[in-house]
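Structure first, commentary second.
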Amino acid sequence: MRFLLDDGQREFARSLDALLAAAGTPSVVRAWAAGDHAPGLVLWRRLADAGVFALAVPEAYGGVGPLPVETAVACVELGRHGVPGPVVESVAAGLLLGRAGGPAAKEWLPRIASGTAVVSLVLEGHGPYALDADVADAVFTVAGDELRLTAGAGGGLRFAARKPTRSMDPARRLFRPEAGGEVAADGPRVREAARAAGTWATFATAAQALGCGEELLRATVAYVKQRTQFGVPVGSFQAVKHRLADTLLGLEFARPLLYGAAVELAEGAPGAGAAVAAAKVAAGEAGYAAARTALQLHGAVGYTEELDLAWWLRRARPLRDAWGTPSACRARVLAG
């Protein structure tokens, strides 16, 4: 398969890059981790205006999707800039509600697409936590054939007083949804929609992991050009060059797997789930390898809270494991 982004997709990536660079995402991430969501929500609405959250929402509900390739383009950029919040969950919820249909889809999908609602998602078999439930207007959970709205009309306010479960990444705030909640939809259609939403969540997380790894590599290359030892930049040492080259190869091998999976999702290919799982393994492992390289080549300064790099370092491992651990994804690939 030969795949290249077209001019419109490349321009979409450039526009998101410019938007996020101007937004100063490191300060947004710091505020989000401290529980101050205001700067992050401002950025969220700007991303919605750029069309990011409409990509997985069907046109009948005010979206433009589902568009897997454009979703990959967007999530790579969001991962590269370290955007906090339940981005993956909102994308997957858009697909879930679009396929499940019913009153919940009519109520929530236009709000997801426009960015006026932030939602989180818990799917059976993908872990018990709702990411950033304290800021979400709705938290959807699927168990069996039931889709439940667990946050209720008060949105994230029901979670605001609760302490989140600790994560390696402080900006990933994890909450256990309360039992019960309003049944938003039920039946076999919900189960099938949840399976598709889980695949999309895995896919979007793989794209974020790839973007995170790209930023870690970029920052590390810039650092080794500046840091000197024995009177020369450490980036001139052969061992450093080899380590960076290996990191680049991992990321570049993951990229075609990601976009190949996007094409299969767009075509509805029978093997799309296995292709997504393969992309998640490659991108997750490459992003985590980029974090290890970045930490080794930055030395002790890489541990410091003051260095923006620390936020990307702490995000690479959770992204590797979220919405499909490497072992689970490898098993999915082998299952075909």
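Residues are referred to by chain and number: the chain letter is A, B, ... according to the order shown in the structure tokens, the number counts from 1 in that chain, and ligands are numbered separately from 1 in the order shown.
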In stretch 105-291 of chain A, what's strand (DSSP E or B) per DSSP? Answer as a PyMOL selection string?
-> chain A and resi 119-123+130-131+138-143+146-149+165+174-175+182-186+228-229+232-233
What's the 10 Å shell around A:Ala143, counting only C-alpha atoms, without same-chain residues fewer than 5 positions away, as a list in words?
-> Val122, Leu123, Glu124, Gly125, Arg148, Asp186, Val190, Arg191 and Ala194 of chain A
Expected answer as a PyMOL selection string: helix (DSSP H, G or I) residues in stretch 66-116 of chain A | chain A and resi 68-81+87-100+103-114
With C-alpha atoms retained, could you export that selection as an mmCIF file, in the first residue's frame?
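Contents of the output file again.cif:
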```cif
data_model
loop_
_atom_site.group_PDB
_atom_site.id
_atom_site.type_symbol
_atom_site.label_atom_id
_atom_site.label_comp_id
_atom_site.auth_asym_id
_atom_site.auth_seq_id
_atom_site.Cartn_x
_atom_site.Cartn_y
_atom_site.Cartn_z
ATOM 1 C CA PRO A 68 -10.214 8.175 9.985
ATOM 2 C CA VAL A 69 -7.333 9.727 8.032
ATOM 3 C CA GLU A 70 -8.119 13.258 9.168
ATOM 4 C CA THR A 71 -8.620 11.967 12.707
ATOM 5 C CA ALA A 72 -5.120 10.481 12.607
ATOM 6 C CA VAL A 73 -3.691 13.768 11.297
ATOM 7 C CA ALA A 74 -5.377 15.695 14.114
ATOM 8 C CA CYS A 75 -4.439 13.291 16.910
ATOM 9 C CA VAL A 76 -0.780 13.183 15.836
ATOM 10 C CA GLU A 77 -0.651 16.977 16.140
ATOM 11 C CA LEU A 78 -2.484 16.955 19.469
ATOM 12 C CA GLY A 79 -0.076 14.319 20.769
ATOM 13 C CA ARG A 80 2.917 16.266 19.497
ATOM 14 C CA HIS A 81 1.776 19.373 21.350
ATOM 15 C CA VAL A 87 -9.621 13.850 23.265
ATOM 16 C CA VAL A 88 -9.561 10.138 22.446
ATOM 17 C CA GLU A 89 -12.660 9.529 24.530
ATOM 18 C CA SER A 90 -14.575 12.307 22.774
ATOM 19 C CA VAL A 91 -13.603 10.938 19.362
ATOM 20 C CA ALA A 92 -14.665 7.418 20.340
ATOM 21 C CA ALA A 93 -17.895 8.655 21.958
ATOM 22 C CA GLY A 94 -18.762 10.444 18.736
ATOM 23 C CA LEU A 95 -18.478 7.192 16.819
ATOM 24 C CA LEU A 96 -20.275 5.198 19.550
ATOM 25 C CA LEU A 97 -23.307 7.480 19.707
ATOM 26 C CA GLY A 98 -23.418 7.842 15.937
ATOM 27 C CA ARG A 99 -23.708 4.090 15.514
ATOM 28 C CA ALA A 100 -25.971 3.498 18.510
ATOM 29 C CA PRO A 103 -32.154 10.285 21.728
ATOM 30 C CA ALA A 104 -28.679 10.353 23.278
ATOM 31 C CA ALA A 105 -27.099 10.742 19.844
ATOM 32 C CA LYS A 106 -29.446 13.606 18.960
ATOM 33 C CA GLU A 107 -28.723 15.371 22.244
ATOM 34 C CA TRP A 108 -24.965 14.904 22.578
ATOM 35 C CA LEU A 109 -23.420 14.526 19.121
ATOM 36 C CA PRO A 110 -24.029 18.122 17.977
ATOM 37 C CA ARG A 111 -22.540 19.327 21.261
ATOM 38 C CA ILE A 112 -19.486 17.070 20.905
ATOM 39 C CA ALA A 113 -18.905 18.249 17.337
ATOM 40 C CA SER A 114 -19.207 21.932 18.285
#
```
Atom CA of A:Leu19 and atom CA of A:Leu47 are how many Å apart?
->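 Answer for the atom CA of A:Leu19 to atom CA of A:Leu47 separation: 8.3 Å.
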Who sits within 9 Å of stretch 318-326 of chain A, only C-alpha atoms, same chain under 5 positions skipped, as a short mmCIF file (atom, residue, chain, number, x, y, z; two decimals) with all heavy atoms, in the first residue's frame:
```
data_model
loop_
_atom_site.label_atom_id
_atom_site.label_comp_id
_atom_site.auth_asym_id
_atom_site.auth_seq_id
_atom_site.Cartn_x
_atom_site.Cartn_y
_atom_site.Cartn_z
N HIS A 126 -11.83 -2.33 28.50
CA HIS A 126 -10.79 -1.34 28.25
C HIS A 126 -10.42 -0.56 29.52
O HIS A 126 -9.92 0.56 29.43
CB HIS A 126 -11.23 -0.36 27.17
CG HIS A 126 -11.24 -0.94 25.79
ND1 HIS A 126 -10.10 -1.12 25.04
CD2 HIS A 126 -12.27 -1.43 25.06
CE1 HIS A 126 -10.42 -1.66 23.88
NE2 HIS A 126 -11.73 -1.87 23.86
N GLY A 127 -10.62 -1.15 30.67
CA GLY A 127 -10.24 -0.48 31.91
C GLY A 127 -11.42 0.21 32.56
O GLY A 127 -12.40 0.58 31.91
N SER A 167 -1.93 8.74 38.24
CA SER A 167 -1.43 8.28 36.95
C SER A 167 0.02 8.70 36.83
O SER A 167 0.46 9.66 37.47
CB SER A 167 -2.25 8.89 35.81
OG SER A 167 -1.65 8.65 34.56
N MET A 168 0.77 7.97 36.00
CA MET A 168 2.14 8.39 35.74
C MET A 168 2.19 9.79 35.15
O MET A 168 3.13 10.55 35.37
CB MET A 168 2.80 7.39 34.79
CG MET A 168 4.26 7.68 34.48
SD MET A 168 5.01 6.41 33.44
CE MET A 168 5.03 5.03 34.58
N ASP A 169 1.15 10.15 34.41
CA ASP A 169 1.03 11.48 33.83
C ASP A 169 0.03 12.27 34.67
O ASP A 169 -1.17 11.96 34.65
CB ASP A 169 0.54 11.38 32.38
CG ASP A 169 0.32 12.74 31.74
OD1 ASP A 169 0.59 13.77 32.39
OD2 ASP A 169 -0.13 12.78 30.59
N ARG A 172 -3.30 13.33 33.22
CA ARG A 172 -4.32 12.32 32.92
C ARG A 172 -5.02 11.99 34.23
O ARG A 172 -4.53 11.20 35.03
CB ARG A 172 -3.69 11.07 32.30
CG ARG A 172 -3.18 11.27 30.89
CD ARG A 172 -2.51 10.02 30.36
NE ARG A 172 -3.42 8.89 30.31
CZ ARG A 172 -4.26 8.64 29.30
NH1 ARG A 172 -4.29 9.44 28.25
NH2 ARG A 172 -5.05 7.59 29.32
N GLY A 198 -14.30 1.20 20.49
CA GLY A 198 -13.04 0.77 21.09
C GLY A 198 -11.91 0.73 20.08
O GLY A 198 -10.77 1.11 20.39
N THR A 199 -12.21 0.29 18.87
CA THR A 199 -11.20 0.28 17.81
C THR A 199 -10.75 1.69 17.49
O THR A 199 -9.55 1.96 17.32
CB THR A 199 -11.77 -0.40 16.55
OG1 THR A 199 -12.11 -1.76 16.86
CG2 THR A 199 -10.76 -0.38 15.42
N ALA A 201 -10.87 4.28 19.51
CA ALA A 201 -10.11 4.80 20.64
C ALA A 201 -8.68 4.30 20.59
O ALA A 201 -7.73 5.06 20.86
CB ALA A 201 -10.77 4.39 21.96
N THR A 202 -8.50 3.03 20.25
CA THR A 202 -7.15 2.48 20.09
C THR A 202 -6.40 3.21 18.99
O THR A 202 -5.22 3.56 19.12
CB THR A 202 -7.24 0.97 19.77
OG1 THR A 202 -7.95 0.31 20.82
CG2 THR A 202 -5.86 0.36 19.65
N PHE A 203 -7.08 3.44 17.90
CA PHE A 203 -6.50 4.13 16.74
C PHE A 203 -6.08 5.56 17.09
O PHE A 203 -4.95 5.98 16.77
CB PHE A 203 -7.55 4.11 15.63
CG PHE A 203 -7.22 4.95 14.43
CD1 PHE A 203 -6.18 4.61 13.58
CD2 PHE A 203 -7.97 6.08 14.14
CE1 PHE A 203 -5.89 5.39 12.47
CE2 PHE A 203 -7.69 6.86 13.04
CZ PHE A 203 -6.65 6.51 12.20
N THR A 205 -5.46 6.80 20.03
CA THR A 205 -4.38 6.77 21.01
C THR A 205 -3.05 6.47 20.33
O THR A 205 -2.01 7.03 20.70
CB THR A 205 -4.66 5.72 22.09
OG1 THR A 205 -5.94 5.98 22.68
CG2 THR A 205 -3.61 5.76 23.19
N ALA A 206 -3.06 5.59 19.33
CA ALA A 206 -1.84 5.30 18.57
C ALA A 206 -1.33 6.57 17.90
O ALA A 206 -0.12 6.85 17.90
CB ALA A 206 -2.11 4.23 17.53
N GLN A 208 -1.84 9.68 18.88
CA GLN A 208 -1.29 10.56 19.92
C GLN A 208 0.09 10.08 20.36
O GLN A 208 0.99 10.89 20.60
CB GLN A 208 -2.23 10.60 21.12
CG GLN A 208 -3.43 11.51 20.93
CD GLN A 208 -4.06 11.88 22.26
OE1 GLN A 208 -4.18 11.06 23.17
NE2 GLN A 208 -4.50 13.10 22.38
N ALA A 209 0.27 8.77 20.49
CA ALA A 209 1.56 8.22 20.90
C ALA A 209 2.64 8.55 19.87
O ALA A 209 3.78 8.88 20.21
CB ALA A 209 1.46 6.71 21.10
N CYS A 212 3.49 12.22 20.28
CA CYS A 212 4.28 12.40 21.50
C CYS A 212 5.73 12.00 21.25
O CYS A 212 6.67 12.71 21.64
CB CYS A 212 3.68 11.56 22.62
SG CYS A 212 4.54 11.67 24.21
N ALA A 277 -4.64 -2.48 15.72
CA ALA A 277 -3.86 -3.04 16.82
C ALA A 277 -2.37 -3.04 16.50
O ALA A 277 -1.53 -2.74 17.36
CB ALA A 277 -4.34 -4.46 17.13
N LYS A 280 -1.10 0.42 16.87
CA LYS A 280 -1.00 0.82 18.28
C LYS A 280 0.26 0.25 18.92
O LYS A 280 0.95 0.94 19.68
CB LYS A 280 -2.24 0.33 19.04
CG LYS A 280 -2.24 0.63 20.54
CD LYS A 280 -2.16 2.11 20.85
CE LYS A 280 -2.59 2.43 22.28
NZ LYS A 280 -1.87 1.72 23.32
N VAL A 281 0.58 -1.01 18.62
CA VAL A 281 1.81 -1.60 19.15
C VAL A 281 3.02 -0.81 18.68
O VAL A 281 3.89 -0.41 19.47
CB VAL A 281 1.95 -3.08 18.72
CG1 VAL A 281 3.33 -3.60 19.10
CG2 VAL A 281 0.88 -3.92 19.40
N ALA A 282 3.09 -0.56 17.38
CA ALA A 282 4.26 0.11 16.81
C ALA A 282 4.39 1.54 17.32
O ALA A 282 5.47 1.97 17.73
CB ALA A 282 4.17 0.10 15.29
N ALA A 283 3.29 2.29 17.30
CA ALA A 283 3.35 3.69 17.73
C ALA A 283 3.57 3.80 19.23
O ALA A 283 4.35 4.65 19.69
CB ALA A 283 2.06 4.41 17.34
N GLY A 284 2.92 2.94 20.01
CA GLY A 284 3.10 3.00 21.45
C GLY A 284 4.52 2.66 21.87
O GLY A 284 5.11 3.34 22.71
N GLU A 285 5.08 1.62 21.28
CA GLU A 285 6.44 1.22 21.61
C GLU A 285 7.45 2.26 21.12
O GLU A 285 8.43 2.57 21.79
CB GLU A 285 6.76 -0.14 21.01
CG GLU A 285 5.93 -1.30 21.58
CD GLU A 285 6.36 -1.72 22.98
OE1 GLU A 285 7.02 -0.93 23.69
OE2 GLU A 285 6.02 -2.85 23.37
N ALA A 286 7.20 2.83 19.94
CA ALA A 286 8.12 3.85 19.41
C ALA A 286 8.08 5.11 20.26
O ALA A 286 9.12 5.73 20.51
CB ALA A 286 7.75 4.17 17.96
N GLY A 287 6.90 5.51 20.69
CA GLY A 287 6.80 6.69 21.55
C GLY A 287 7.47 6.48 22.88
O GLY A 287 8.17 7.38 23.39
N TYR A 288 7.31 5.29 23.45
CA TYR A 288 7.94 4.99 24.74
C TYR A 288 9.46 4.90 24.58
O TYR A 288 10.22 5.35 25.45
CB TYR A 288 7.37 3.69 25.29
CG TYR A 288 7.87 3.32 26.67
CD1 TYR A 288 7.94 4.28 27.68
CD2 TYR A 288 8.24 2.02 26.97
CE1 TYR A 288 8.39 3.95 28.95
CE2 TYR A 288 8.68 1.67 28.23
CZ TYR A 288 8.76 2.65 29.22
OH TYR A 288 9.20 2.31 30.47
N ALA A 331 -2.10 -9.75 20.65
CA ALA A 331 -3.06 -10.86 20.58
C ALA A 331 -4.13 -10.58 19.54
O ALA A 331 -4.57 -11.49 18.82
CB ALA A 331 -3.70 -11.08 21.96
#
```
All residues 12 Å or closer to A:Ala272, only C-alpha atoms, same chain fewer than 3 positions away omitted, as number ranges by chain = A: 68, 196, 199-200, 202-203, 257-269, 275-279, 332-333, 336
Write the selection just made, keeping N, CA and C atoms, as a CSV table (one decimal), in the first residue's frame?
```csv
chain,number,residue,atom,x,y,z
A,68,PRO,N,-11.4,8.7,9.2
A,68,PRO,CA,-10.2,8.2,10.0
A,68,PRO,C,-8.9,8.8,9.7
A,196,ALA,N,-16.8,-1.0,17.8
A,196,ALA,CA,-16.2,0.0,16.8
A,196,ALA,C,-15.6,1.1,17.5
A,199,THR,N,-12.2,0.3,18.9
A,199,THR,CA,-11.2,0.3,17.8
A,199,THR,C,-10.8,1.7,17.5
A,200,TRP,N,-11.7,2.6,17.4
A,200,TRP,CA,-11.3,4.0,17.1
A,200,TRP,C,-10.5,4.6,18.3
A,202,THR,N,-8.5,3.0,20.3
A,202,THR,CA,-7.2,2.5,20.1
A,202,THR,C,-6.4,3.2,19.0
A,203,PHE,N,-7.1,3.4,17.9
A,203,PHE,CA,-6.5,4.1,16.7
A,203,PHE,C,-6.1,5.6,17.1
A,257,LEU,N,2.0,2.3,9.3
A,257,LEU,CA,1.0,1.4,9.9
A,257,LEU,C,-0.2,2.2,10.4
A,258,LEU,N,0.0,3.3,11.0
A,258,LEU,CA,-1.1,4.2,11.4
A,258,LEU,C,-2.0,4.6,10.3
A,259,TYR,N,-1.4,5.1,9.2
A,259,TYR,CA,-2.2,5.6,8.1
A,259,TYR,C,-2.7,4.5,7.3
A,260,GLY,N,-2.0,3.4,7.3
A,260,GLY,CA,-2.6,2.2,6.6
A,260,GLY,C,-3.9,1.7,7.3
A,261,ALA,N,-3.8,1.8,8.7
A,261,ALA,CA,-5.0,1.4,9.5
A,261,ALA,C,-6.1,2.4,9.2
A,262,ALA,N,-5.8,3.7,9.0
A,262,ALA,CA,-6.8,4.7,8.8
A,262,ALA,C,-7.5,4.4,7.4
A,263,VAL,N,-6.7,4.0,6.4
A,263,VAL,CA,-7.3,3.7,5.1
A,263,VAL,C,-8.3,2.4,5.3
A,264,GLU,N,-7.8,1.4,6.1
A,264,GLU,CA,-8.7,0.3,6.2
A,264,GLU,C,-10.0,0.6,7.0
A,265,LEU,N,-9.9,1.5,8.0
A,265,LEU,CA,-11.1,1.9,8.7
A,265,LEU,C,-12.0,2.7,7.8
A,266,ALA,N,-11.4,3.5,6.9
A,266,ALA,CA,-12.3,4.3,6.0
A,266,ALA,C,-13.0,3.4,5.0
A,267,GLU,N,-12.3,2.3,4.6
A,267,GLU,CA,-12.9,1.4,3.6
A,267,GLU,C,-13.8,0.3,4.3
A,268,GLY,N,-13.8,0.3,5.6
A,268,GLY,CA,-14.6,-0.7,6.3
A,268,GLY,C,-14.0,-2.1,6.1
A,269,ALA,N,-12.7,-2.3,5.9
A,269,ALA,CA,-12.1,-3.5,5.6
A,269,ALA,C,-12.3,-4.5,6.8
A,275,ALA,N,-5.3,-4.2,11.9
A,275,ALA,CA,-4.4,-3.2,11.4
A,275,ALA,C,-4.3,-2.1,12.5
A,276,VAL,N,-5.4,-1.7,13.1
A,276,VAL,CA,-5.3,-0.7,14.2
A,276,VAL,C,-4.5,-1.2,15.4
A,277,ALA,N,-4.6,-2.5,15.7
A,277,ALA,CA,-3.9,-3.0,16.8
A,277,ALA,C,-2.4,-3.0,16.5
A,278,ALA,N,-2.0,-3.4,15.3
A,278,ALA,CA,-0.6,-3.4,14.9
A,278,ALA,C,-0.1,-1.9,14.9
A,279,ALA,N,-0.8,-1.0,14.5
A,279,ALA,CA,-0.4,0.4,14.6
A,279,ALA,C,-0.2,0.9,16.0
A,332,ARG,N,-4.5,-9.3,19.4
A,332,ARG,CA,-5.5,-8.9,18.4
A,332,ARG,C,-5.0,-9.1,17.0
A,333,VAL,N,-3.7,-8.8,16.8
A,333,VAL,CA,-3.1,-9.0,15.5
A,333,VAL,C,-3.0,-10.4,15.1
A,336,GLY,N,-6.2,-11.9,13.9
A,336,GLY,CA,-6.6,-11.5,12.6
A,336,GLY,C,-7.9,-10.7,12.5
```
Counting only C-alpha atoms, which residues of stretch 67-120 of chain A sit at most 8 Å from some atom of stretch 133-139 of chain A, and what is each one's closest atom pair with its distance in Å to one decimal, listed by chain and rising residue number, as CSV?
```
residue,atom,partner,partner_atom,distance
A:Ala117,CA,A:Asp137,CA,5.8
A:Val118,CA,A:Ala136,CA,4.9
A:Val119,CA,A:Ala136,CA,4.9
A:Ser120,CA,A:Val139,CA,4.7
```
Based on the selection just made, write C-alpha atoms of those residues as a short mmCIF file (atom, residue, chain, number, x, y, z; two decimals), in the first residue's frame.
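Generated output (part.cif):
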```
data_model
loop_
_atom_site.label_atom_id
_atom_site.label_comp_id
_atom_site.auth_asym_id
_atom_site.auth_seq_id
_atom_site.Cartn_x
_atom_site.Cartn_y
_atom_site.Cartn_z
CA ALA A 117 -19.69 19.56 25.58
CA VAL A 118 -16.70 17.61 26.87
CA VAL A 119 -17.38 13.91 27.30
CA SER A 120 -15.49 10.90 28.59
#
```
Find the residues near A:Val301: any atom within 12 Å, counting only C-alpha atoms, skip ones fewer than 6 places away on the same chain, and give them as a PyMOL selection string.
-> chain A and resi 220+223+227+294-295+307-310
Expected file: the selected residues, C-alpha atoms, as an mmCIF file, in the first residue's frame:
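Result saved to again_23.cif:
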```cif
data_model
loop_
_atom_site.group_PDB
_atom_site.id
_atom_site.type_symbol
_atom_site.label_atom_id
_atom_site.label_comp_id
_atom_site.auth_asym_id
_atom_site.auth_seq_id
_atom_site.Cartn_x
_atom_site.Cartn_y
_atom_site.Cartn_z
ATOM 1 C CA THR A 220 16.215 15.681 22.185
ATOM 2 C CA TYR A 223 19.268 19.524 23.120
ATOM 3 C CA ARG A 227 24.974 20.473 25.111
ATOM 4 C CA ALA A 294 15.107 11.572 25.580
ATOM 5 C CA LEU A 295 15.632 10.880 29.265
ATOM 6 C CA LEU A 307 11.548 21.401 31.907
ATOM 7 C CA ASP A 308 8.564 21.137 29.565
ATOM 8 C CA LEU A 309 9.969 17.840 28.298
ATOM 9 C CA ALA A 310 8.966 16.172 31.569
#
```
Length of the atom CA of A:Arg10 to atom CA of A:Leu43 vector [Å] = 21.2 Å
Between atom CA of A:Phe175 and atom CA of A:Arg314, what is the distance, to one decimal in Å?
->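 Answer for the atom CA of A:Phe175 to atom CA of A:Arg314 separation: 18.6 Å.
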Counting only C-alpha atoms, the option among A:Val57, A:Val64, A:Leu334, A:Val28 closest to A:Gly101 =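 Of all the options, A:Val57 lies closest to A:Gly101.
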Do a neighbour search on A:Leu174 at 6 Å with only C-alpha atoms, toss out local chain neighbours closer than 4 positions, and write the hits as an MDAnalysis selection string.
-> chainID A and resid 129:132 164:165
